[in-house]
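Right, one structure below, let's go through it.
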Amino acid sequence: MDVSEPNSSLFLPSVGQQLSKYTKSLQQTILALSDKYCSLLPHVEMHLKANVTNRGAVLLGRHVACDAFEEARPLRVVTHAHADHLTGLHQSLKSCETVVMTPATKDLINVLKGPRFLLKGNVKAIEYDRPLIYCGERLTLHKVDHILGAAQVLVEDYDGTRILYTGDFRIANTPVIQSDVLVIEATYGNPWRTRNFKDDARHLLVSTVRKGLKQGSVYIFGYHGKLQEVMQILHEAGIKAPFIMPKRILNISRIHQKHGARIHRPLFSSKSKLQSTLMGDEQYVAFYHMSWRKKIGPGKFKVCVSGWEFYSPCRQTGEKEYVVALSDHSDFKGLLEYVRQSQPRLVITDNYRAGDAESLAKHIKKQLGIEAKALPR
Ligand SMILES: [Zn+2]
């Protein structure tokens, strides 16, 4: 008998016992693993419900892309009319089934891009809090305090998960929306970007302009939306000097007036128009885009309104030059506060647009104990 060949009558029961033992053990392992992965599944799935692409599109649910073009998404949302949120809009108009925005944002884009631009696609202007249903998902634009027409975007998907993108916002007058997955802007995502001053920058803006008007005309510099906020502040403070501005800013300001901005006075597109209307050489407040700051001659009384001021609400930068801290973005504390109140399970910080998304994600995890990551990586 070959000693290398096992005795089959002795071997078979032993193999059978071994196999049965291994099978049981394997079954137990599979059950344990499936339990573990089943509990992980909703967690993994949550990560698939929102993203920010390398081209800046904020993807919500299965069908929505916000603020940049994404070819696989039938719905494009424009949260507001700032340039870094209009990325790829021309492509979206050509390719997407529908491009969604608020009526005020539509009016602003018509001024900024020309009245024919939006006619290239199917644009649907929807009011705040009026849901749009698309293939089992519910899309709602909610009000946000940023510029005229700005919206935060909520998508409720097939299983009821609430996926929210804040867009740009300042927290003071923004309603916080409850979410499961939250995509948040990160402009001031670093703790250094916290405004600790208590003084009211608006009050200081008014007193600085009054001081300038005693010496002559005053020139204000800022971005679209911010300039119109300044007009409203000065008008409400009772400053009577006429407002003049280039044609483009005039048109944008008229859209603000149409949508309820409290600037109840005539606006002038040039000094000559003003002089033909009024008698004498009256002092005025002139409004220019920030890019004109260096183009307006020396000796003028200039006030720049900027969000990038964290240590003083108003500082003098030259003999007749001032910077006033007026921001339409939340500072670092405001961003954390939004997350805290919204109570999401996962936060994605927007790492495409200017800001500090990595820092914000790190502090959300550390200070609030909520899972957070910056995208795109
Ligand atoms: Zn913006």
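Residues in the structure tokens are numbered from 1 in each chain, the chains being A, B, ... in the order shown, and ligands are numbered from 1 in the order shown.
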
Using only C-alpha atoms and all ligand atoms, which residues have at least one atom no more than 10 Å from ligand 1? Output them as an NGL selection string. :A and (79-85 or 146-147 or 150 or 167-169 or 185 or 187 or 223-225 or 328-329)

Could the residues in this selection be written to a file with C-alpha atoms, as a PDB file, in the first residue's frame?
ATOM      1  CA  THR A  79     -27.606  80.590  -6.856  1.00  0.00           C
ATOM      2  CA  HIS A  80     -26.806  84.261  -7.590  1.00  0.00           C
ATOM      3  CA  ALA A  81     -25.357  86.614 -10.181  1.00  0.00           C
ATOM      4  CA  HIS A  82     -21.733  86.879  -8.970  1.00  0.00           C
ATOM      5  CA  ALA A  83     -19.214  85.855 -11.654  1.00  0.00           C
ATOM      6  CA  ASP A  84     -17.763  82.850  -9.762  1.00  0.00           C
ATOM      7  CA  HIS A  85     -21.268  81.338  -9.647  1.00  0.00           C
ATOM      8  CA  HIS A 146     -26.062  87.921   0.218  1.00  0.00           C
ATOM      9  CA  ILE A 147     -26.975  89.943  -2.879  1.00  0.00           C
ATOM     10  CA  ALA A 150     -29.407  85.032  -3.980  1.00  0.00           C
ATOM     11  CA  GLY A 167     -24.323  79.352  -1.840  1.00  0.00           C
ATOM     12  CA  ASP A 168     -22.719  82.565  -0.558  1.00  0.00           C
ATOM     13  CA  PHE A 169     -24.349  84.014   2.532  1.00  0.00           C
ATOM     14  CA  GLU A 185     -19.229  78.171   1.154  1.00  0.00           C
ATOM     15  CA  THR A 187     -14.778  82.252   1.877  1.00  0.00           C
ATOM     16  CA  TYR A 223     -18.742  95.266  -6.007  1.00  0.00           C
ATOM     17  CA  HIS A 224     -22.152  94.830  -7.639  1.00  0.00           C
ATOM     18  CA  GLY A 225     -24.775  94.298  -4.960  1.00  0.00           C
ATOM     19  CA  ASP A 328     -21.898  90.026   2.257  1.00  0.00           C
ATOM     20  CA  HIS A 329     -20.242  86.832   3.540  1.00  0.00           C
TER      21      HIS A 329
END

Residues of range 6-246 of chain A classed as helix (DSSP H, G or I) by DSSP on the backbone are to be reported as a tab-separated table (two decimals) with C-alpha atoms, in the first residue's frame.
chain	number	residue	atom	x	y	z
A	8	SER	CA	-10.16	6.85	2.23
A	9	SER	CA	-12.41	5.24	4.84
A	10	LEU	CA	-10.58	7.15	7.58
A	11	PHE	CA	-10.03	10.38	5.59
A	12	LEU	CA	-13.55	11.16	4.32
A	13	PRO	CA	-15.33	11.69	7.69
A	14	SER	CA	-12.45	13.81	8.85
A	15	VAL	CA	-12.61	16.06	5.74
A	16	GLY	CA	-16.37	16.22	6.09
A	17	GLN	CA	-16.07	17.38	9.69
A	18	GLN	CA	-13.43	19.91	8.75
A	19	LEU	CA	-15.53	21.22	5.84
A	20	SER	CA	-18.59	21.54	8.01
A	21	LYS	CA	-16.56	23.45	10.60
A	22	TYR	CA	-15.12	25.79	7.94
A	23	THR	CA	-18.53	26.28	6.33
A	24	LYS	CA	-20.05	27.32	9.67
A	25	SER	CA	-17.18	29.65	10.35
A	26	LEU	CA	-17.47	31.12	6.83
A	27	GLN	CA	-21.21	31.63	7.25
A	28	GLN	CA	-20.65	33.40	10.55
A	29	THR	CA	-17.99	35.64	8.97
A	30	ILE	CA	-20.29	36.49	6.02
A	31	LEU	CA	-23.15	37.32	8.39
A	32	ALA	CA	-20.90	39.50	10.55
A	33	LEU	CA	-19.52	41.29	7.48
A	34	SER	CA	-22.95	41.82	5.94
A	35	ASP	CA	-24.19	43.28	9.27
A	36	LYS	CA	-21.21	45.59	9.35
A	37	TYR	CA	-21.58	46.69	5.70
A	38	CYS	CA	-25.34	47.06	5.97
A	39	SER	CA	-24.84	49.48	8.85
A	40	LEU	CA	-22.17	51.31	6.82
A	41	LEU	CA	-24.29	51.46	3.67
A	42	PRO	CA	-26.34	54.56	4.56
A	43	HIS	CA	-23.09	56.25	5.57
A	44	VAL	CA	-21.39	55.40	2.26
A	45	GLU	CA	-24.52	56.40	0.37
A	46	MET	CA	-24.58	59.78	2.11
A	47	HIS	CA	-21.17	60.55	0.61
A	83	ALA	CA	-19.21	85.85	-11.65
A	84	ASP	CA	-17.76	82.85	-9.76
A	85	HIS	CA	-21.27	81.34	-9.65
A	89	LEU	CA	-23.56	79.14	-17.89
A	90	HIS	CA	-23.35	79.38	-21.68
A	91	GLN	CA	-22.79	75.58	-21.90
A	92	SER	CA	-25.57	74.91	-19.39
A	93	LEU	CA	-28.00	76.98	-21.46
A	94	LYS	CA	-27.14	74.92	-24.53
A	95	SER	CA	-27.10	71.47	-22.88
A	103	PRO	CA	-36.60	86.20	-11.00
A	104	ALA	CA	-34.24	88.85	-9.54
A	105	THR	CA	-31.14	86.84	-10.54
A	106	LYS	CA	-32.60	86.51	-14.03
A	107	ASP	CA	-33.06	90.30	-14.25
A	108	LEU	CA	-29.49	90.90	-13.02
A	109	ILE	CA	-28.01	88.46	-15.56
A	110	ASN	CA	-29.98	90.21	-18.31
A	111	VAL	CA	-28.16	93.42	-17.37
A	112	LEU	CA	-24.73	91.85	-16.82
A	113	LYS	CA	-24.71	89.58	-19.91
A	117	PHE	CA	-27.93	85.75	-23.34
A	118	LEU	CA	-30.53	83.75	-21.38
A	119	LEU	CA	-32.67	83.24	-24.49
A	120	LYS	CA	-30.17	80.53	-25.59
A	171	ILE	CA	-25.67	84.64	8.60
A	172	ALA	CA	-27.34	87.72	10.13
A	173	ASN	CA	-30.52	87.55	8.04
A	201	ALA	CA	-19.86	99.53	10.20
A	202	ARG	CA	-23.04	100.97	8.64
A	203	HIS	CA	-23.15	103.80	11.15
A	204	LEU	CA	-19.46	104.54	10.49
A	205	LEU	CA	-20.07	104.45	6.73
A	206	VAL	CA	-22.76	107.13	7.06
A	207	SER	CA	-20.63	109.35	9.31
A	208	THR	CA	-17.63	109.01	6.95
A	209	VAL	CA	-19.74	109.99	3.93
A	210	ARG	CA	-21.21	112.97	5.82
A	211	LYS	CA	-17.68	114.08	6.72
A	212	GLY	CA	-16.64	113.80	3.04
A	213	LEU	CA	-19.64	115.76	1.79
A	226	LYS	CA	-22.64	95.89	-2.26
A	227	LEU	CA	-22.85	99.30	-3.96
A	228	GLN	CA	-26.63	99.09	-4.00
A	229	GLU	CA	-26.62	98.14	-0.31
A	230	VAL	CA	-24.57	101.29	0.37
A	231	MET	CA	-27.07	103.38	-1.63
A	232	GLN	CA	-29.85	102.00	0.53
A	233	ILE	CA	-27.95	102.66	3.79
A	234	LEU	CA	-27.18	106.26	2.78
A	235	HIS	CA	-30.72	106.90	1.54
A	236	GLU	CA	-32.25	105.54	4.74

Could you check which of A:Leu86, A:Cys66, A:Ile177, A:Val324 is closest to Asp129 in chain A, using only C-alpha atoms? A:Ile177

When you look at range 332-338 of chain A with a cut-off of 9 Å (counting only C-alpha atoms), what residues show up, excluding the ones that are within fewer than 4 positions of it in the same chain? I need them as a list of chain:residue names.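 Neighbouring residues, sequence-local ones excluded: A:Phe169, A:Arg170, A:Ile171, A:Ala172, A:Val176, A:Ile177, A:Ile184, A:Glu185, A:Ala186, A:Thr187, A:Tyr188, A:Gly189, A:Asn190, A:Pro191, A:Trp192, A:Arg193, A:Thr194, A:Arg195, A:Ser342, A:Gln343, A:Leu360, A:His363, A:Ile364, A:Gln367, A:Leu368.
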
Since we have the selection now, will you write its residues out, keeping N, CA and C atoms, as a PDB file, in the first residue's frame?
ATOM      1  N   PHE A 169     -23.367  83.454   1.597  1.00  0.00           N
ATOM      2  CA  PHE A 169     -24.349  84.014   2.532  1.00  0.00           C
ATOM      3  C   PHE A 169     -23.660  84.742   3.678  1.00  0.00           C
ATOM      4  N   ARG A 170     -24.415  85.672   4.297  1.00  0.00           N
ATOM      5  CA  ARG A 170     -23.995  86.163   5.618  1.00  0.00           C
ATOM      6  C   ARG A 170     -25.112  85.770   6.566  1.00  0.00           C
ATOM      7  N   ILE A 171     -24.713  85.361   7.746  1.00  0.00           N
ATOM      8  CA  ILE A 171     -25.668  84.637   8.599  1.00  0.00           C
ATOM      9  C   ILE A 171     -26.738  85.531   9.219  1.00  0.00           C
ATOM     10  N   ALA A 172     -26.441  86.836   9.370  1.00  0.00           N
ATOM     11  CA  ALA A 172     -27.338  87.717  10.130  1.00  0.00           C
ATOM     12  C   ALA A 172     -28.812  87.559   9.751  1.00  0.00           C
ATOM     13  N   VAL A 176     -31.715  79.529   8.589  1.00  0.00           N
ATOM     14  CA  VAL A 176     -30.931  78.281   8.551  1.00  0.00           C
ATOM     15  C   VAL A 176     -31.874  77.120   8.218  1.00  0.00           C
ATOM     16  N   ILE A 177     -31.474  76.320   7.237  1.00  0.00           N
ATOM     17  CA  ILE A 177     -32.304  75.189   6.791  1.00  0.00           C
ATOM     18  C   ILE A 177     -31.709  73.894   7.361  1.00  0.00           C
ATOM     19  N   ILE A 184     -21.284  73.873   2.014  1.00  0.00           N
ATOM     20  CA  ILE A 184     -21.243  75.250   2.527  1.00  0.00           C
ATOM     21  C   ILE A 184     -20.094  76.023   1.893  1.00  0.00           C
ATOM     22  N   GLU A 185     -20.317  77.323   1.663  1.00  0.00           N
ATOM     23  CA  GLU A 185     -19.229  78.171   1.154  1.00  0.00           C
ATOM     24  C   GLU A 185     -18.151  78.315   2.223  1.00  0.00           C
ATOM     25  N   ALA A 186     -16.928  78.663   1.821  1.00  0.00           N
ATOM     26  CA  ALA A 186     -15.821  78.682   2.791  1.00  0.00           C
ATOM     27  C   ALA A 186     -14.959  79.935   2.631  1.00  0.00           C
ATOM     28  N   THR A 187     -15.568  81.043   2.147  1.00  0.00           N
ATOM     29  CA  THR A 187     -14.778  82.252   1.877  1.00  0.00           C
ATOM     30  C   THR A 187     -13.924  82.644   3.088  1.00  0.00           C
ATOM     31  N   TYR A 188     -14.554  82.699   4.251  1.00  0.00           N
ATOM     32  CA  TYR A 188     -13.804  83.066   5.459  1.00  0.00           C
ATOM     33  C   TYR A 188     -13.692  81.843   6.381  1.00  0.00           C
ATOM     34  N   GLY A 189     -13.181  80.758   5.823  1.00  0.00           N
ATOM     35  CA  GLY A 189     -13.145  79.475   6.552  1.00  0.00           C
ATOM     36  C   GLY A 189     -11.998  79.310   7.527  1.00  0.00           C
ATOM     37  N   ASN A 190     -11.259  80.376   7.775  1.00  0.00           N
ATOM     38  CA  ASN A 190     -10.126  80.297   8.687  1.00  0.00           C
ATOM     39  C   ASN A 190     -10.438  81.111   9.962  1.00  0.00           C
ATOM     40  N   PRO A 191     -10.068  80.601  11.145  1.00  0.00           N
ATOM     41  CA  PRO A 191     -10.383  81.349  12.386  1.00  0.00           C
ATOM     42  C   PRO A 191      -9.861  82.783  12.384  1.00  0.00           C
ATOM     43  N   TRP A 192      -8.817  83.059  11.606  1.00  0.00           N
ATOM     44  CA  TRP A 192      -8.312  84.438  11.520  1.00  0.00           C
ATOM     45  C   TRP A 192      -9.349  85.368  10.899  1.00  0.00           C
ATOM     46  N   ARG A 193     -10.270  84.794  10.147  1.00  0.00           N
ATOM     47  CA  ARG A 193     -11.278  85.605   9.451  1.00  0.00           C
ATOM     48  C   ARG A 193     -12.517  85.779  10.331  1.00  0.00           C
ATOM     49  N   THR A 194     -12.310  86.230  11.542  1.00  0.00           N
ATOM     50  CA  THR A 194     -13.417  86.492  12.467  1.00  0.00           C
ATOM     51  C   THR A 194     -13.430  87.980  12.777  1.00  0.00           C
ATOM     52  N   ARG A 195     -14.618  88.586  12.646  1.00  0.00           N
ATOM     53  CA  ARG A 195     -14.720  90.025  12.946  1.00  0.00           C
ATOM     54  C   ARG A 195     -15.071  90.187  14.424  1.00  0.00           C
ATOM     55  N   SER A 342     -27.883  73.856  11.459  1.00  0.00           N
ATOM     56  CA  SER A 342     -28.460  73.038  10.382  1.00  0.00           C
ATOM     57  C   SER A 342     -28.450  71.547  10.732  1.00  0.00           C
ATOM     58  N   GLN A 343     -27.540  71.155  11.624  1.00  0.00           N
ATOM     59  CA  GLN A 343     -27.442  69.780  12.151  1.00  0.00           C
ATOM     60  C   GLN A 343     -27.282  68.698  11.084  1.00  0.00           C
ATOM     61  N   LEU A 360     -11.832  75.089   7.235  1.00  0.00           N
ATOM     62  CA  LEU A 360     -13.211  75.055   7.729  1.00  0.00           C
ATOM     63  C   LEU A 360     -13.633  73.613   8.044  1.00  0.00           C
ATOM     64  N   HIS A 363     -12.091  72.461  11.291  1.00  0.00           N
ATOM     65  CA  HIS A 363     -12.694  73.046  12.498  1.00  0.00           C
ATOM     66  C   HIS A 363     -14.121  72.551  12.735  1.00  0.00           C
ATOM     67  N   ILE A 364     -14.841  72.209  11.659  1.00  0.00           N
ATOM     68  CA  ILE A 364     -16.191  71.641  11.837  1.00  0.00           C
ATOM     69  C   ILE A 364     -16.066  70.301  12.570  1.00  0.00           C
ATOM     70  N   GLN A 367     -14.540  71.192  16.317  1.00  0.00           N
ATOM     71  CA  GLN A 367     -15.367  71.975  17.251  1.00  0.00           C
ATOM     72  C   GLN A 367     -16.799  71.474  17.360  1.00  0.00           C
ATOM     73  N   LEU A 368     -17.322  70.871  16.253  1.00  0.00           N
ATOM     74  CA  LEU A 368     -18.727  70.446  16.292  1.00  0.00           C
ATOM     75  C   LEU A 368     -18.887  68.924  16.275  1.00  0.00           C
TER      76      LEU A 368
END

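Across the structure, CA of Asn51 in chain A and CA of Leu148 in chain A are spaced 26.1 Å apart.
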
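For range 241-256 of chain A, the residues within 6 Å (counting only C-alpha atoms, excluding itself and residues fewer than 2 positions away along the chain) are Ile239, Lys258, His259, Ala261, Leu267, Phe268, Ser269, Ser270, Tyr284, Val285, Ala286 and Phe287 of chain A.
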
Would you save the residues of that selection, restricted to N, CA and C atoms, as a tab-separated table (two decimals), in the first residue's frame?
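Generated output (again-v9.tsv):
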chain	number	residue	atom	x	y	z
A	239	ILE	N	-29.24	110.95	3.82
A	239	ILE	CA	-28.27	111.73	3.04
A	239	ILE	C	-28.94	112.18	1.74
A	258	LYS	N	-36.53	97.88	-8.71
A	258	LYS	CA	-37.70	97.11	-9.19
A	258	LYS	C	-38.06	95.99	-8.20
A	259	HIS	N	-37.02	95.39	-7.57
A	259	HIS	CA	-37.29	94.27	-6.65
A	259	HIS	C	-37.37	94.71	-5.19
A	261	ALA	N	-35.67	97.34	-3.40
A	261	ALA	CA	-34.63	98.02	-2.61
A	261	ALA	C	-35.12	99.42	-2.24
A	267	LEU	N	-31.75	108.34	-9.91
A	267	LEU	CA	-30.32	108.02	-10.00
A	267	LEU	C	-29.82	108.60	-11.32
A	268	PHE	N	-28.58	109.07	-11.33
A	268	PHE	CA	-28.05	109.74	-12.52
A	268	PHE	C	-26.85	108.97	-13.07
A	269	SER	N	-26.77	108.93	-14.41
A	269	SER	CA	-25.69	108.15	-15.03
A	269	SER	C	-24.46	108.99	-15.31
A	270	SER	N	-24.51	110.30	-15.12
A	270	SER	CA	-23.30	111.10	-15.33
A	270	SER	C	-23.47	112.44	-14.64
A	284	TYR	N	-22.18	115.54	-4.76
A	284	TYR	CA	-22.89	114.28	-5.01
A	284	TYR	C	-22.11	113.12	-4.42
A	285	VAL	N	-22.77	111.97	-4.38
A	285	VAL	CA	-22.09	110.72	-4.03
A	285	VAL	C	-22.02	109.90	-5.31
A	286	ALA	N	-20.79	109.55	-5.71
A	286	ALA	CA	-20.60	108.77	-6.94
A	286	ALA	C	-20.26	107.32	-6.58
A	287	PHE	N	-20.83	106.40	-7.35
A	287	PHE	CA	-20.63	104.96	-7.06
A	287	PHE	C	-19.90	104.31	-8.23

With only C-alpha atoms as the counted atoms, please give the residues lying no more than 12 Å from Tyr134 in chain A, apart from itself and same-chain residues fewer than 4 positions off, as a list in words.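 The neighbour list is Gly61, Arg62, His63, Val64, Arg73, Pro74, Leu75, Glu97, Thr98, Arg138, Leu139, Thr140, Val155, Glu156, Asp157 and Tyr158 of chain A.
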
Go ahead and write the residues just picked, N, CA and C atoms, as a compact mmCIF listing (two decimals), in the first residue's frame.
# COMPACT_ATOMS: atom_id res chain seq x y z
N GLY A 61 -28.00 65.53 -4.98
CA GLY A 61 -28.87 64.44 -5.43
C GLY A 61 -28.41 63.90 -6.76
N ARG A 62 -29.39 63.48 -7.59
CA ARG A 62 -29.03 62.82 -8.86
C ARG A 62 -29.11 63.73 -10.08
N HIS A 63 -29.81 64.87 -9.95
CA HIS A 63 -30.12 65.63 -11.16
C HIS A 63 -29.65 67.08 -11.19
N VAL A 64 -29.23 67.58 -10.04
CA VAL A 64 -28.98 69.03 -9.93
C VAL A 64 -27.49 69.36 -9.89
N ARG A 73 -25.90 66.40 -15.75
CA ARG A 73 -27.01 66.86 -14.92
C ARG A 73 -28.03 67.66 -15.74
N PRO A 74 -29.31 67.25 -15.73
CA PRO A 74 -30.31 67.96 -16.53
C PRO A 74 -30.72 69.32 -15.97
N LEU A 75 -30.54 69.52 -14.64
CA LEU A 75 -30.94 70.80 -14.03
C LEU A 75 -29.72 71.58 -13.58
N GLU A 97 -31.53 70.60 -19.54
CA GLU A 97 -32.96 70.63 -19.81
C GLU A 97 -33.56 71.95 -19.32
N THR A 98 -33.16 72.34 -18.09
CA THR A 98 -33.68 73.59 -17.51
C THR A 98 -32.59 74.27 -16.68
N ARG A 138 -37.13 66.78 -5.11
CA ARG A 138 -37.82 68.05 -4.89
C ARG A 138 -36.78 69.14 -4.69
N LEU A 139 -36.80 70.13 -5.56
CA LEU A 139 -35.82 71.22 -5.52
C LEU A 139 -36.51 72.49 -5.04
N THR A 140 -35.94 73.13 -4.00
CA THR A 140 -36.52 74.39 -3.50
C THR A 140 -35.42 75.43 -3.32
N VAL A 155 -32.32 70.10 -2.00
CA VAL A 155 -32.84 68.97 -2.77
C VAL A 155 -33.24 67.88 -1.77
N GLU A 156 -34.50 67.45 -1.85
CA GLU A 156 -34.94 66.32 -1.04
C GLU A 156 -35.07 65.13 -1.98
N ASP A 157 -34.30 64.08 -1.72
CA ASP A 157 -34.23 63.00 -2.71
C ASP A 157 -35.27 61.91 -2.45
N TYR A 158 -35.18 60.80 -3.21
CA TYR A 158 -36.19 59.74 -3.19
C TYR A 158 -36.39 59.14 -1.80

Do you know which residues are at most 12 Å from Gly299 in chain A counting only C-alpha atoms, after dropping those on the same chain fewer than 2 positions away, and could you put them as a list in words?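 Returned residues: Gly212, Gln215, Gly216, Ser217, Val218, Tyr219, Lys294, Ile296, Gly297, Phe301, Lys302, Gly318, Glu319, Lys320 and Glu321 of chain A.
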
Deliver the residues from the most recent selection as a file, using C-alpha atoms, as a short mmCIF file (atom, residue, chain, number, x, y, z; two decimals), in the first residue's frame.
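See again.cif below for the written result:
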data_model
loop_
_atom_site.label_atom_id
_atom_site.label_comp_id
_atom_site.auth_asym_id
_atom_site.auth_seq_id
_atom_site.Cartn_x
_atom_site.Cartn_y
_atom_site.Cartn_z
CA GLY A 212 -16.64 113.80 3.04
CA GLN A 215 -15.42 118.85 1.78
CA GLY A 216 -16.96 118.09 -1.64
CA SER A 217 -18.26 115.08 -3.53
CA VAL A 218 -17.67 111.53 -2.24
CA TYR A 219 -16.63 108.51 -4.32
CA LYS A 294 -7.13 103.56 -8.90
CA ILE A 296 -10.38 108.09 -10.06
CA GLY A 297 -7.94 110.93 -9.57
CA PHE A 301 -12.70 111.79 -1.02
CA LYS A 302 -12.83 108.00 -1.48
CA GLY A 318 -4.85 107.99 2.98
CA GLU A 319 -5.45 111.70 3.52
CA LYS A 320 -8.99 111.41 2.10
CA GLU A 321 -9.29 107.63 1.76
#

Set the distance at 12 Å and use only C-alpha atoms: which residues neighbour Pro376 in chain A once local chain neighbours fewer than 3 positions away are removed? I'd like the list as a VMD selection string. chain A and resid 50 to 59 183 348 to 353 357 to 358 373

Export of prior selection with C-alpha atoms as a PDB file, in the first residue's frame:
ATOM      1  CA  ALA A  50     -23.360  65.603  -2.912  1.00  0.00           C
ATOM      2  CA  ASN A  51     -20.054  66.607  -4.447  1.00  0.00           C
ATOM      3  CA  VAL A  52     -18.113  69.604  -5.762  1.00  0.00           C
ATOM      4  CA  THR A  53     -16.429  68.894  -9.098  1.00  0.00           C
ATOM      5  CA  ASN A  54     -13.051  70.113 -10.355  1.00  0.00           C
ATOM      6  CA  ARG A  55     -14.942  72.594 -12.534  1.00  0.00           C
ATOM      7  CA  GLY A  56     -16.833  74.032  -9.564  1.00  0.00           C
ATOM      8  CA  ALA A  57     -20.242  72.391 -10.024  1.00  0.00           C
ATOM      9  CA  VAL A  58     -21.978  71.674  -6.722  1.00  0.00           C
ATOM     10  CA  LEU A  59     -23.848  68.409  -7.327  1.00  0.00           C
ATOM     11  CA  VAL A 183     -22.427  71.910   1.153  1.00  0.00           C
ATOM     12  CA  ILE A 348     -18.727  69.389   2.352  1.00  0.00           C
ATOM     13  CA  THR A 349     -16.846  72.699   2.263  1.00  0.00           C
ATOM     14  CA  ASP A 350     -16.543  74.339  -1.171  1.00  0.00           C
ATOM     15  CA  ASN A 351     -12.877  74.080  -2.079  1.00  0.00           C
ATOM     16  CA  TYR A 352     -13.346  75.364  -5.651  1.00  0.00           C
ATOM     17  CA  ARG A 353     -14.118  79.014  -4.938  1.00  0.00           C
ATOM     18  CA  ALA A 357     -12.243  75.071   2.761  1.00  0.00           C
ATOM     19  CA  GLU A 358      -9.630  72.708   4.285  1.00  0.00           C
ATOM     20  CA  LYS A 373     -14.394  67.242   4.045  1.00  0.00           C
TER      21      LYS A 373
END
